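Student: I am sharing target28.tsv, which consists of TSV, C-alpha atoms:
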```tsv
chain	number	residue	atom	x	y	z
F	1	MET	CA	-12.03	16.27	2.48
F	2	SER	CA	-9.99	14.40	4.97
F	3	ASN	CA	-8.45	16.97	7.24
F	4	SER	CA	-9.14	20.60	7.87
F	5	THR	CA	-5.44	21.40	8.38
F	6	THR	CA	-4.13	19.84	5.18
F	7	THR	CA	-5.36	22.16	2.48
F	8	ASP	CA	-1.95	22.89	0.94
F	9	GLU	CA	-0.75	19.30	0.88
F	10	GLU	CA	-4.05	18.24	-0.67
F	11	ARG	CA	-3.70	20.81	-3.41
F	12	ILE	CA	-0.19	19.63	-4.23
F	13	LEU	CA	-1.30	16.00	-4.04
F	14	ARG	CA	-4.19	16.59	-6.39
F	15	VAL	CA	-1.93	18.16	-8.97
F	16	TRP	CA	1.19	15.97	-8.80
F	17	THR	CA	0.23	12.55	-7.53
F	18	PRO	CA	-1.89	11.58	-10.54
F	19	VAL	CA	0.75	12.85	-12.96
F	20	ILE	CA	3.65	11.00	-11.33
F	21	LEU	CA	1.78	7.78	-10.63
F	22	ARG	CA	0.22	7.64	-14.08
F	23	THR	CA	3.59	8.27	-15.73
F	24	ILE	CA	5.26	5.41	-13.85
F	25	LEU	CA	2.25	3.14	-14.36
F	26	ILE	CA	2.07	3.79	-18.10
F	27	ALA	CA	5.84	3.34	-18.42
F	28	ALA	CA	5.61	-0.02	-16.66
F	29	ILE	CA	2.67	-1.17	-18.79
F	30	VAL	CA	4.41	-0.13	-22.02
F	31	VAL	CA	7.57	-2.01	-21.00
F	32	LEU	CA	5.52	-5.08	-20.01
F	33	LEU	CA	3.55	-5.04	-23.26
F	34	PHE	CA	6.74	-4.67	-25.27
F	35	GLY	CA	8.33	-7.56	-23.37
F	36	LEU	CA	5.27	-9.75	-23.75
F	37	PHE	CA	4.98	-9.12	-27.50
F	38	SER	CA	8.72	-9.70	-27.94
F	39	MET	CA	8.38	-12.98	-26.03
F	40	ALA	CA	5.43	-14.06	-28.18
F	41	TRP	CA	7.23	-13.06	-31.37
F	42	GLN	CA	10.79	-14.24	-30.68
F	43	SER	CA	10.74	-16.87	-27.94
F	44	SER	CA	7.35	-18.55	-27.85
F	45	GLY	CA	9.01	-21.94	-27.42
F	46	TYR	CA	10.90	-20.69	-24.37
F	47	TYR	CA	7.64	-19.30	-22.94
F	48	VAL	CA	5.74	-22.58	-23.30
F	49	ALA	CA	8.62	-24.64	-21.91
F	50	HIS	CA	9.06	-22.26	-18.96
F	51	PHE	CA	5.32	-22.26	-18.25
F	52	HIS	CA	5.13	-26.07	-18.17
F	53	ARG	CA	8.19	-26.20	-15.93
F	54	LEU	CA	6.46	-23.91	-13.45
F	55	GLN	CA	3.35	-26.07	-13.24
F	56	GLY	CA	3.67	-28.26	-10.20
F	57	HIS	CA	7.03	-26.73	-9.30
F	58	ALA	CA	6.36	-25.08	-5.95
F	59	ASN	CA	9.90	-24.05	-5.12
F	60	TYR	CA	10.51	-21.73	-8.05
F	61	GLN	CA	13.29	-19.22	-7.53
F	62	HIS	CA	14.93	-17.16	-10.24
F	63	ARG	CA	17.28	-14.70	-8.65
F	64	GLU	CA	19.41	-12.52	-10.87
F	65	SER	CA	21.67	-9.62	-10.02
F	66	TRP	CA	20.18	-6.29	-11.01
F	67	SER	CA	23.16	-5.47	-13.23
F	68	SER	CA	22.83	-8.68	-15.26
F	69	LEU	CA	19.08	-8.12	-15.48
F	70	ALA	CA	19.57	-4.61	-16.85
F	71	SER	CA	22.21	-5.91	-19.24
F	72	THR	CA	19.96	-8.67	-20.67
F	73	ALA	CA	17.05	-6.22	-20.97
F	74	LEU	CA	19.25	-3.74	-22.84
F	75	HIS	CA	20.20	-6.52	-25.24
F	76	GLY	CA	16.53	-7.03	-26.02
F	77	ASP	CA	15.94	-10.21	-24.01
F	78	PRO	CA	12.11	-10.37	-23.52
F	79	HIS	CA	12.42	-12.05	-20.11
F	80	GLY	CA	14.71	-9.27	-18.88
F	81	ILE	CA	12.46	-6.56	-20.34
F	82	MET	CA	9.37	-7.99	-18.61
F	83	THR	CA	11.18	-8.29	-15.29
F	84	ILE	CA	12.27	-4.64	-15.56
F	85	GLY	CA	8.62	-3.75	-16.30
F	86	LEU	CA	7.46	-5.57	-13.18
F	87	MET	CA	10.09	-3.78	-11.10
F	88	VAL	CA	9.02	-0.38	-12.45
F	89	LEU	CA	5.45	-1.29	-11.53
F	90	THR	CA	6.41	-1.91	-7.90
F	91	LEU	CA	7.99	1.55	-7.85
F	92	VAL	CA	4.48	3.09	-7.97
F	93	PRO	CA	3.69	2.54	-4.26
F	94	LEU	CA	7.26	3.44	-3.30
F	95	ALA	CA	6.96	6.71	-5.22
F	96	ARG	CA	3.62	7.40	-3.59
F	97	VAL	CA	5.01	7.00	-0.07
F	98	ALA	CA	8.15	8.99	-0.93
F	99	PHE	CA	5.92	11.77	-2.23
F	100	CYS	CA	3.88	11.78	1.00
F	101	PHE	CA	7.12	11.89	2.99
F	102	LEU	CA	8.19	15.01	1.12
F	103	LEU	CA	4.82	16.61	1.73
F	104	PHE	CA	5.01	16.00	5.46
F	105	VAL	CA	8.57	17.35	5.53
F	106	LYS	CA	7.28	20.45	3.78
F	107	GLU	CA	4.52	20.72	6.39
F	108	ARG	CA	7.09	20.13	9.19
F	109	ASP	CA	4.77	17.58	10.69
F	110	GLY	CA	7.10	15.58	12.96
F	111	ILE	CA	4.71	12.73	13.79
F	112	TYR	CA	3.86	12.03	10.16
F	113	ILE	CA	7.46	12.43	9.00
F	114	ALA	CA	8.31	9.63	11.45
F	115	LEU	CA	5.34	7.47	10.45
F	116	THR	CA	6.00	7.86	6.71
F	117	ALA	CA	9.72	7.23	7.22
F	118	TYR	CA	8.79	4.00	9.01
F	119	VAL	CA	6.69	2.92	6.00
F	120	LEU	CA	9.52	3.77	3.60
F	121	ILE	CA	12.03	1.87	5.74
F	122	GLY	CA	9.58	-1.05	5.85
F	123	LEU	CA	9.44	-1.15	2.05
F	124	VAL	CA	13.23	-1.05	1.75
F	125	ALA	CA	13.52	-3.67	4.52
F	126	GLY	CA	11.27	-5.90	2.42
F	127	VAL	CA	13.81	-5.81	-0.42
F	128	VAL	CA	16.67	-6.58	1.98
F	129	LEU	CA	14.69	-9.39	3.63
F	130	GLY	CA	13.84	-10.88	0.24
F	131	ARG	CA	17.48	-10.70	-0.84
F	132	VAL	CA	18.91	-12.37	2.26
F	133	GLY	CA	15.93	-14.57	3.20
Y	1	MET	CA	0.42	-18.07	-28.23
Y	2	LEU	CA	-2.43	-20.01	-26.69
Y	3	ILE	CA	-1.01	-20.17	-23.16
Y	4	MET	CA	-0.15	-16.48	-23.00
Y	5	GLY	CA	-3.57	-15.52	-24.40
Y	6	GLY	CA	-5.27	-17.89	-21.97
Y	7	LEU	CA	-3.45	-16.35	-19.01
Y	8	LEU	CA	-4.36	-12.85	-20.20
Y	9	ALA	CA	-8.02	-13.84	-20.54
Y	10	LEU	CA	-8.06	-15.57	-17.15
Y	11	ALA	CA	-6.49	-12.54	-15.49
Y	12	ALA	CA	-8.84	-10.13	-17.28
Y	13	GLY	CA	-11.83	-12.16	-16.04
Y	14	ALA	CA	-10.51	-12.10	-12.47
Y	15	GLY	CA	-9.89	-8.35	-12.65
Y	16	PHE	CA	-13.36	-7.77	-14.09
Y	17	ILE	CA	-15.16	-9.75	-11.36
Y	18	GLY	CA	-12.86	-8.23	-8.74
Y	19	ALA	CA	-13.83	-4.71	-9.82
Y	20	LEU	CA	-17.55	-5.46	-9.98
Y	21	SER	CA	-17.60	-7.18	-6.58
Y	22	GLY	CA	-15.40	-4.52	-4.99
Y	23	LEU	CA	-13.11	-7.25	-3.60
Y	24	GLY	CA	-10.24	-6.74	-6.05
Y	25	GLY	CA	-8.67	-9.03	-8.64
Y	26	GLY	CA	-6.26	-10.74	-6.23
Y	27	VAL	CA	-9.09	-12.61	-4.51
Y	28	PHE	CA	-10.01	-14.26	-7.81
Y	29	ILE	CA	-6.73	-14.55	-9.73
Y	30	VAL	CA	-4.91	-16.71	-7.15
Y	31	PRO	CA	-7.54	-19.50	-7.15
Y	32	ALA	CA	-7.97	-19.09	-10.94
Y	33	LEU	CA	-4.25	-19.71	-11.48
Y	34	LEU	CA	-4.34	-22.69	-9.13
Y	35	ILE	CA	-7.47	-24.31	-10.51
Y	36	PHE	CA	-7.33	-23.53	-14.23
Y	37	ALA	CA	-3.60	-23.06	-14.93
Y	38	HIS	CA	-2.30	-25.55	-12.32
Y	39	ILE	CA	0.22	-23.05	-11.02
Y	40	PRO	CA	1.56	-23.61	-7.45
Y	41	ILE	CA	0.18	-21.18	-4.87
Y	42	GLN	CA	3.53	-19.48	-4.08
Y	43	ILE	CA	3.97	-18.49	-7.75
Y	44	ALA	CA	0.32	-17.43	-8.02
Y	45	VAL	CA	0.71	-15.24	-4.91
Y	46	GLY	CA	3.80	-13.48	-6.34
Y	47	ALA	CA	2.02	-12.76	-9.64
Y	48	SER	CA	-1.12	-11.63	-7.87
Y	49	LEU	CA	0.71	-9.16	-5.63
Y	50	ILE	CA	2.14	-7.43	-8.71
Y	51	SER	CA	-1.32	-7.24	-10.30
Y	52	VAL	CA	-2.79	-5.75	-7.10
Y	53	VAL	CA	-0.12	-3.02	-7.22
Y	54	ALA	CA	-1.02	-2.27	-10.84
Y	55	THR	CA	-4.80	-2.07	-10.36
Y	56	SER	CA	-4.70	-0.08	-7.14
Y	57	ALA	CA	-2.29	2.43	-8.69
Y	58	GLY	CA	-4.85	3.27	-11.35
Y	59	ALA	CA	-7.91	3.17	-9.09
Y	60	SER	CA	-6.62	5.24	-6.19
Y	61	VAL	CA	-5.49	8.14	-8.37
Y	62	ALA	CA	-9.10	9.16	-8.97
Y	63	PHE	CA	-9.99	8.95	-5.28
Y	64	VAL	CA	-7.01	11.07	-4.21
Y	65	ARG	CA	-7.82	13.62	-6.90
Y	66	ASP	CA	-11.46	13.75	-5.82
Y	67	GLY	CA	-10.47	14.32	-2.21
Y	68	TRP	CA	-11.94	11.29	-0.44
Y	69	THR	CA	-8.67	9.74	0.71
Y	70	ASN	CA	-7.69	10.54	4.31
Y	71	LEU	CA	-3.93	10.67	3.88
Y	72	ARG	CA	-3.16	10.83	7.59
Y	73	VAL	CA	-5.25	7.78	8.39
Y	74	ALA	CA	-3.60	5.96	5.47
Y	75	MET	CA	-0.08	6.77	6.60
Y	76	ALA	CA	-0.75	6.00	10.27
Y	77	LEU	CA	-2.23	2.61	9.39
Y	78	GLU	CA	0.34	1.81	6.68
Y	79	CYS	CA	2.87	1.30	9.48
Y	80	ALA	CA	0.80	-1.73	10.54
Y	81	THR	CA	-0.04	-3.05	7.06
Y	82	VAL	CA	3.51	-2.77	5.72
Y	83	THR	CA	4.88	-4.54	8.81
Y	84	GLY	CA	2.30	-7.29	8.30
Y	85	ALA	CA	2.86	-7.52	4.54
Y	86	VAL	CA	6.65	-7.82	4.75
Y	87	THR	CA	6.30	-10.47	7.49
Y	88	GLY	CA	3.61	-12.31	5.51
Y	89	ALA	CA	5.60	-12.27	2.26
Y	90	TYR	CA	8.65	-13.57	4.09
Y	91	LEU	CA	6.60	-16.37	5.71
Y	92	ALA	CA	4.99	-17.27	2.36
Y	93	GLY	CA	8.39	-18.50	1.22
Y	94	ILE	CA	8.70	-20.81	4.22
Y	95	ILE	CA	5.34	-22.25	5.18
Y	96	PRO	CA	3.79	-25.22	3.32
Y	97	ALA	CA	1.36	-24.71	0.44
Y	98	TRP	CA	-1.53	-26.45	2.24
Y	99	VAL	CA	-1.40	-23.86	5.05
Y	100	LEU	CA	-1.62	-21.04	2.48
Y	101	GLU	CA	-4.55	-22.78	0.78
Y	102	LEU	CA	-6.36	-23.20	4.09
Y	103	LEU	CA	-5.80	-19.53	4.98
Y	104	PHE	CA	-7.06	-18.57	1.53
Y	105	ALA	CA	-10.24	-20.58	2.08
Y	106	LEU	CA	-10.81	-18.75	5.38
Y	107	MET	CA	-10.20	-15.38	3.74
Y	108	MET	CA	-12.76	-16.24	1.06
Y	109	LEU	CA	-15.34	-16.91	3.75
Y	110	GLN	CA	-14.49	-13.59	5.42
Y	111	SER	CA	-14.90	-11.82	2.06
Y	112	ALA	CA	-18.27	-13.56	1.54
Y	113	TYR	CA	-19.39	-12.42	5.01
Y	114	PHE	CA	-18.22	-8.89	4.22
Y	115	THR	CA	-20.15	-8.90	0.93
Y	116	VAL	CA	-23.36	-9.97	2.67
Y	117	THR	CA	-23.14	-7.68	5.69
Y	118	LYS	CA	-22.10	-4.35	4.15
Y	119	VAL	CA	-23.85	-1.61	6.17
Y	120	GLY	CA	-24.18	2.14	6.02
Y	121	ASP	CA	-22.25	4.91	7.77
Y	122	SER	CA	-22.03	5.55	11.48
Y	123	ILE	CA	-20.20	8.88	11.51
Y	124	LEU	CA	-18.99	10.23	14.85
Y	125	PRO	CA	-18.82	14.00	15.36
Y	126	ARG	CA	-15.46	14.02	17.16
Y	127	SER	CA	-12.29	11.95	17.53
Y	128	ASP	CA	-11.02	10.25	20.70
Y	129	LYS	CA	-7.83	11.45	22.40
Y	130	LEU	CA	-5.23	9.53	20.33
Y	131	ALA	CA	-6.97	10.16	17.00
Y	132	ALA	CA	-7.28	13.86	17.85
Y	133	ARG	CA	-3.56	14.01	18.66
Y	134	LEU	CA	-2.82	12.39	15.29
Y	135	GLN	CA	-5.28	14.81	13.60
Y	136	LEU	CA	-7.10	11.94	11.93
Y	137	GLY	CA	-10.54	13.53	11.73
Y	138	GLY	CA	-11.68	15.31	8.60
Y	139	ARG	CA	-14.53	16.72	6.58
Y	140	ILE	CA	-16.69	15.33	3.81
Y	141	PRO	CA	-19.40	16.87	1.65
Y	142	ALA	CA	-22.85	16.60	3.26
Y	143	ASP	CA	-25.44	14.39	1.55
Y	144	THR	CA	-27.62	17.45	1.05
Y	145	GLY	CA	-24.77	19.20	-0.77
Y	146	GLY	CA	-23.53	22.73	-0.30
Y	147	HIS	CA	-21.64	22.44	2.99
Y	148	GLU	CA	-19.26	19.96	4.64
Y	149	VAL	CA	-19.70	17.86	7.75
Y	150	GLU	CA	-16.92	16.94	10.15
Y	151	TYR	CA	-16.22	13.35	11.13
Y	152	GLY	CA	-14.22	11.94	14.00
Y	153	VAL	CA	-12.03	8.84	14.27
Y	154	VAL	CA	-11.81	6.45	17.25
Y	155	ASN	CA	-10.01	3.29	18.37
Y	156	VAL	CA	-6.77	3.67	16.42
Y	157	PRO	CA	-5.03	0.74	18.22
Y	158	GLY	CA	-7.93	-1.60	17.36
Y	159	GLY	CA	-7.88	-0.47	13.73
Y	160	ALA	CA	-4.09	-0.84	13.55
Y	161	LEU	CA	-4.28	-4.39	14.92
Y	162	LEU	CA	-6.77	-5.40	12.25
Y	163	MET	CA	-4.56	-3.66	9.65
Y	164	LEU	CA	-1.61	-5.74	10.81
Y	165	VAL	CA	-3.68	-8.87	10.10
Y	166	ALA	CA	-4.77	-7.39	6.73
Y	167	GLY	CA	-1.12	-6.78	5.80
Y	168	LEU	CA	-0.12	-10.27	6.90
Y	169	MET	CA	-2.86	-11.83	4.77
Y	170	SER	CA	-1.88	-9.63	1.81
Y	171	GLY	CA	1.75	-10.77	1.94
Y	172	LEU	CA	0.84	-14.41	2.54
Y	173	LEU	CA	-1.98	-14.77	0.02
Y	174	GLY	CA	-1.33	-12.14	-2.65
Y	175	ILE	CA	-4.56	-10.25	-2.08
Y	176	GLY	CA	-5.22	-6.56	-1.43
Y	177	SER	CA	-7.14	-7.33	1.80
Y	178	GLY	CA	-9.49	-4.47	0.95
Y	179	ALA	CA	-12.41	-6.09	2.78
Y	180	LEU	CA	-10.42	-6.31	6.03
Y	181	LYS	CA	-9.12	-2.77	5.61
Y	182	VAL	CA	-12.58	-1.30	5.06
Y	183	MET	CA	-13.85	-3.30	8.07
Y	184	ALA	CA	-11.07	-1.87	10.24
Y	185	MET	CA	-11.77	1.72	9.20
Y	186	ASP	CA	-15.55	1.51	8.94
Y	187	TYR	CA	-16.54	-0.75	11.84
Y	188	VAL	CA	-13.65	-0.25	14.27
Y	189	MET	CA	-12.57	3.35	13.65
Y	190	HIS	CA	-15.94	4.68	12.44
Y	191	LEU	CA	-14.71	6.52	9.35
Y	192	PRO	CA	-17.38	7.35	6.74
Y	193	LEU	CA	-17.77	4.43	4.30
Y	194	LYS	CA	-16.66	6.38	1.22
Y	195	VAL	CA	-13.57	7.69	3.03
Y	196	SER	CA	-12.83	4.11	4.22
Y	197	SER	CA	-13.11	2.77	0.67
Y	198	ALA	CA	-10.95	5.49	-0.86
Y	199	THR	CA	-8.33	5.30	1.89
Y	200	SER	CA	-8.31	1.50	1.62
Y	201	ASN	CA	-7.73	1.78	-2.14
Y	202	PHE	CA	-4.81	4.12	-1.51
Y	203	MET	CA	-3.36	1.71	1.06
Y	204	ILE	CA	-3.82	-1.51	-0.93
Y	205	GLY	CA	-1.11	-0.58	-3.44
Y	206	VAL	CA	1.46	0.20	-0.75
Y	207	THR	CA	0.63	-2.96	1.21
Y	208	ALA	CA	0.79	-5.18	-1.87
Y	209	GLY	CA	3.91	-3.31	-3.01
Y	210	ALA	CA	5.65	-4.20	0.26
Y	211	GLY	CA	4.86	-7.88	-0.27
Y	212	ALA	CA	5.73	-7.74	-3.97
Y	213	LEU	CA	9.15	-6.26	-3.21
Y	214	VAL	CA	9.96	-9.22	-0.93
Y	215	PHE	CA	8.85	-11.69	-3.63
Y	216	LEU	CA	10.76	-9.86	-6.38
Y	217	ALA	CA	13.94	-9.53	-4.32
Y	218	ARG	CA	13.76	-13.20	-3.35
Y	219	GLY	CA	13.37	-14.22	-7.00
Y	220	ASP	CA	9.94	-15.74	-6.38
Y	221	VAL	CA	8.13	-13.83	-9.13
Y	222	ALA	CA	7.83	-15.94	-12.28
Y	223	THR	CA	7.95	-13.28	-14.97
Y	224	VAL	CA	6.22	-15.42	-17.62
Y	225	ILE	CA	3.19	-15.69	-15.31
Y	226	ALA	CA	3.31	-12.30	-13.55
Y	227	ALA	CA	3.56	-10.14	-16.70
Y	228	PRO	CA	0.39	-11.37	-18.48
Y	229	VAL	CA	-1.44	-11.59	-15.14
Y	230	ALA	CA	-0.62	-7.97	-14.24
Y	231	LEU	CA	-1.69	-6.72	-17.68
Y	232	GLY	CA	-4.83	-8.87	-17.79
Y	233	VAL	CA	-6.05	-8.04	-14.29
Y	234	THR	CA	-5.47	-4.32	-14.90
Y	235	ALA	CA	-7.41	-4.40	-18.18
Y	236	GLY	CA	-10.24	-6.42	-16.60
Y	237	ALA	CA	-10.42	-4.13	-13.58
Y	238	LEU	CA	-10.55	-1.10	-15.86
Y	239	ALA	CA	-13.42	-2.60	-17.85
Y	240	GLY	CA	-15.22	-3.61	-14.63
Y	241	SER	CA	-14.93	-0.16	-13.10
Y	242	ARG	CA	-16.27	1.41	-16.33
Y	243	LEU	CA	-19.26	-0.94	-16.29
Y	244	LEU	CA	-19.88	-0.58	-12.54
Y	245	PRO	CA	-22.11	2.55	-12.69
Y	246	HIS	CA	-24.38	0.86	-15.24
Y	247	VAL	CA	-25.09	-2.42	-13.45
Y	248	ASN	CA	-27.15	-3.26	-10.40
Y	249	VAL	CA	-24.45	-4.61	-8.10
Y	250	GLN	CA	-27.02	-5.55	-5.44
Y	251	SER	CA	-28.50	-8.14	-7.78
Y	252	LEU	CA	-25.05	-9.61	-8.43
Y	253	ARG	CA	-24.14	-9.75	-4.75
Y	254	MET	CA	-25.48	-13.27	-4.12
Y	255	MET	CA	-23.65	-14.53	-7.21
Y	256	PHE	CA	-20.37	-13.14	-5.83
Y	257	VAL	CA	-21.07	-14.77	-2.48
Y	258	ALA	CA	-21.70	-18.10	-4.22
Y	259	ILE	CA	-18.41	-17.80	-6.16
Y	260	LEU	CA	-16.51	-16.97	-2.96
Y	261	VAL	CA	-18.02	-19.92	-1.08
Y	262	LEU	CA	-17.22	-22.27	-3.98
Y	263	ILE	CA	-13.62	-21.01	-4.04
Y	264	ALA	CA	-13.42	-21.47	-0.25
Y	265	ILE	CA	-14.63	-25.07	-0.58
Y	266	GLU	CA	-12.17	-25.82	-3.41
Y	267	MET	CA	-9.23	-24.24	-1.56
Y	268	GLY	CA	-10.19	-25.95	1.69
Y	269	TRP	CA	-10.38	-29.29	-0.11
Y	270	ARG	CA	-6.95	-28.72	-1.69
Y	271	ALA	CA	-5.51	-27.89	1.74
Y	272	ILE	CA	-6.94	-31.05	3.29
Y	273	SER	CA	-5.77	-33.18	0.32
Y	274	GLY	CA	-2.30	-31.57	0.45
Y	275	PHE	CA	-2.00	-32.14	4.18
```
For the structure just supplied, provide its representation as structure tokens.
Tutor:
Amino acid sequence: MSNSTTTDEERILRVWTPVILRTILIAAIVVLLFGLFSMAWQSSGYYVAHFHRLQGHANYQHRESWSSLASTALHGDPHGIMTIGLMVLTLVPLARVAFCFLLFVKERDGIYIALTAYVLIGLVAGVVLGRVG
Amino acid sequence: MLIMGGLLALAAGAGFIGALSGLGGGVFIVPALLIFAHIPIQIAVGASLISVVATSAGASVAFVRDGWTNLRVAMALECATVTGAVTGAYLAGIIPAWVLELLFALMMLQSAYFTVTKVGDSILPRSDKLAARLQLGGRIPADTGGHEVEYGVVNVPGGALLMLVAGLMSGLLGIGSGALKVMAMDYVMHLPLKVSSATSNFMIGVTAGAGALVFLARGDVATVIAAPVALGVTAGALAGSRLLPHVNVQSLRMMFVAILVLIAIEMGWRAISGF
């Protein structure tokens, strides 16, 4: 396929990438579904009220610390569970890049180690920027 | 739960059309949330970015497994798209809604142009100096089957510049920017079309993920919207991709163009009214 010098990394990618990505993706979808059904079952009034509040409210911000988020999710709060599900979902691209980084380290390919590290740092910088911005 | 069911259905429809048109669900879910659910664009963008991550994660797995994704091209260009996406997502929290709506209208017109002007491959036998140093060239199965043909890659800086714009648009507007990405790789860097599409699919998730992380960390993702949207778009995209081999997409092309132009007009009108 893409490059004549990348046979080994392709083989590893073909075996592991689908397994890892699918596992994270399915985990996120299961958590989201569970949260959504819990919300519909337990807190439908909260959902409707929250939805109407969002309509026409451009400056929505709901920032919670990760520890309080995890705590509410563990106590079965549907909002917390869904937020955790969304966070797990965004781990899929992070995991993909991290996996590529490991592959290039294994290949000892300096240029691509640097390029992939830049992408990883960019993703982490996005979290920091969002937190402080 | 009428509202939740409605959002799921709306998102599934957007994902379905996005998969059939090849433009992705993000292009359709943002205007759908604005027009039908009366959700402000910043919230729609945050929800859409999460749904783009979900759909691309599922779609790109098959391409990587089948060997069409050029991982080196993806990683080299991700530097540009991630930079653009993080910047765009940061700016989306600052700039007024009417500017976002105007940009969205322009992106719709670009997507319509892309849908109309899709052309075939123009494969080059060898890479230019920079692409050769980055080992970006590769091999694909020949049309006749049996053996593989080599392809080269050119104009990496030009492609990276367009990728920076694609990333910026993704972070600002909550779309995958697949049309821009394929244009950069196909027209500017002369990668084979199927490799461009597969590599773009691989990249879309990372680009959208970069933007989504900014939105999530900032607290700009409304969970009650984003959760049903992510699930609905993913289900719709899955159904669309299953149906894709059985429908004549060429005959639907003009309908997609009409939808995109209508969305562009609506978004443009909102921008002018909001200004």
Student: Provide the atom CA of Val73 of chain Y to atom CA of Leu136 of chain Y distance in Å, to one decimal place.
Tutor: 5.8 Å
Student: Would you pick out the contacts of Trp98 of chain Y at 8 Å or less, using all atoms listed in the file, so that residues sharing its chain but fewer than 6 positions from it are not included, and give the list as a ChimeraX atom specification?
Tutor: /Y:270-272,274-275
Student: Residues of chain Y that have any atom at most 6 Å from an atom of chain F: could you tabulate them with the shortest-distance atom pair and the distance in Å to one decimal, using all atoms listed in the file, ordered by chain and increasing number, as CSV?
Tutor:
```
residue,atom,partner,partner_atom,distance
Y:His38,CA,F:Gln55,CA,5.7
Y:Ile39,CA,F:Gln55,CA,4.9
Y:Pro40,CA,F:Ala58,CA,5.2
Y:Val61,CA,F:Pro18,CA,5.4
Y:Arg65,CA,F:Arg14,CA,4.7
Y:Gly67,CA,F:Met1,CA,5.3
Y:Trp68,CA,F:Met1,CA,5.8
Y:Asn70,CA,F:Ser2,CA,4.5
Y:Cys79,CA,F:Val119,CA,5.4
Y:Val86,CA,F:Gly126,CA,5.5
Y:Gly138,CA,F:Asn3,CA,3.9
Y:Arg139,CA,F:Met1,CA,4.8
Y:Ile140,CA,F:Met1,CA,4.9
Y:Gly205,CA,F:Pro93,CA,5.8
Y:Val206,CA,F:Pro93,CA,4.8
Y:Gly209,CA,F:Thr90,CA,5.7
Y:Ala210,CA,F:Leu123,CA,5.2
Y:Leu213,CA,F:Val127,CA,5.4
Y:Val214,CA,F:Gly130,CA,4.4
Y:Ala217,CA,F:Gly130,CA,4.8
Y:Arg218,CA,F:Gly130,CA,4.3
Y:Gly219,CA,F:Arg63,CA,4.3
Y:Asp220,CA,F:Gln61,CA,5.0
Y:Thr223,CA,F:Thr83,CA,6.0
```
Student: Grab the residues selected above and save them as a CSV table (one decimal), in the frame of the given file with C-alpha atoms.
Tutor:
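Writing the result to result.csv gives the following:
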```
chain,number,residue,atom,x,y,z
Y,38,HIS,CA,-2.3,-25.6,-12.3
Y,39,ILE,CA,0.2,-23.0,-11.0
Y,40,PRO,CA,1.6,-23.6,-7.4
Y,61,VAL,CA,-5.5,8.1,-8.4
Y,65,ARG,CA,-7.8,13.6,-6.9
Y,67,GLY,CA,-10.5,14.3,-2.2
Y,68,TRP,CA,-11.9,11.3,-0.4
Y,70,ASN,CA,-7.7,10.5,4.3
Y,79,CYS,CA,2.9,1.3,9.5
Y,86,VAL,CA,6.6,-7.8,4.8
Y,138,GLY,CA,-11.7,15.3,8.6
Y,139,ARG,CA,-14.5,16.7,6.6
Y,140,ILE,CA,-16.7,15.3,3.8
Y,205,GLY,CA,-1.1,-0.6,-3.4
Y,206,VAL,CA,1.5,0.2,-0.8
Y,209,GLY,CA,3.9,-3.3,-3.0
Y,210,ALA,CA,5.6,-4.2,0.3
Y,213,LEU,CA,9.2,-6.3,-3.2
Y,214,VAL,CA,10.0,-9.2,-0.9
Y,217,ALA,CA,13.9,-9.5,-4.3
Y,218,ARG,CA,13.8,-13.2,-3.4
Y,219,GLY,CA,13.4,-14.2,-7.0
Y,220,ASP,CA,9.9,-15.7,-6.4
Y,223,THR,CA,8.0,-13.3,-15.0
```
Student: Select all residues near (-14.1, 4.3, 13.7) (cut-off 10 Å, inclusive, file coordinates), counting all atoms listed in the file, and output them as an NGL selection string.
Tutor: :Y and (122-124 or 127-128 or 131 or 151-156 or 158-159 or 183-192 or 196)
Student: Find the distance between atom CA of Ala85 of chain Y and atom CA of Gly211 of chain Y and write it in Å to one decimal.
Tutor: 5.2 Å
Student: Just the number, please: distance in Å from atom CA of Ile265 of chain Y to atom CA of Val30 of chain Y, one decimal.
Tutor: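 Calculated distance between atom CA of Ile265 of chain Y and atom CA of Val30 of chain Y is 14.4 Å.
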Student: Considering only C-alpha atoms, return as a list in words whatever protein or nucleic-acid residues lie within 7 Å of segment 10-27 of chain Y, sequence-local ones (same chain, fewer than 5 positions apart) excluded.
Tutor: Ser48, Val52, Gly174, Ile175, Gly176, Gly178, Ala179, Val229, Gly232, Val233, Thr234, Ala235, Gly236, Ala237, Ala239, Gly240, Ser241, Leu244 and Phe256 of chain Y
Student: Please provide as an MDAnalysis selection string all residues within 10 Å of segment 112-116 of chain Y, with the sequence filter that same-chain residues fewer than 2 positions apart are discarded (counting all atoms listed in the file).
Tutor: chainID Y and resid 21:23 106:110 118:119 179:180 182:183 250 253:254 256:261 264
Student: Return the single residue from Y:Ala226, Y:Val221, Y:Leu172, Y:Leu34 that is closest to Ala92 of chain Y, with distances computed using all atoms listed in the file.
Tutor: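 Going through Y:Ala226, Y:Val221, Y:Leu172, Y:Leu34 one by one, the smallest distance to Ala92 of chain Y is for Y:Leu172.
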Student: Smallest atom-to-atom distance to Val31 of chain F: which of F:Leu103, F:Ala98, F:Gly110, F:Val88, using only C-alpha atoms?
Tutor: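 Closest to Val31 of chain F of all the choices is F:Val88.
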Student: Which residue is closest to Pro157 of chain Y? Choose from Y:Leu243, Y:Lys129, Y:Pro228, Y:Ile95 and count all atoms listed in the file.
Tutor: Y:Lys129
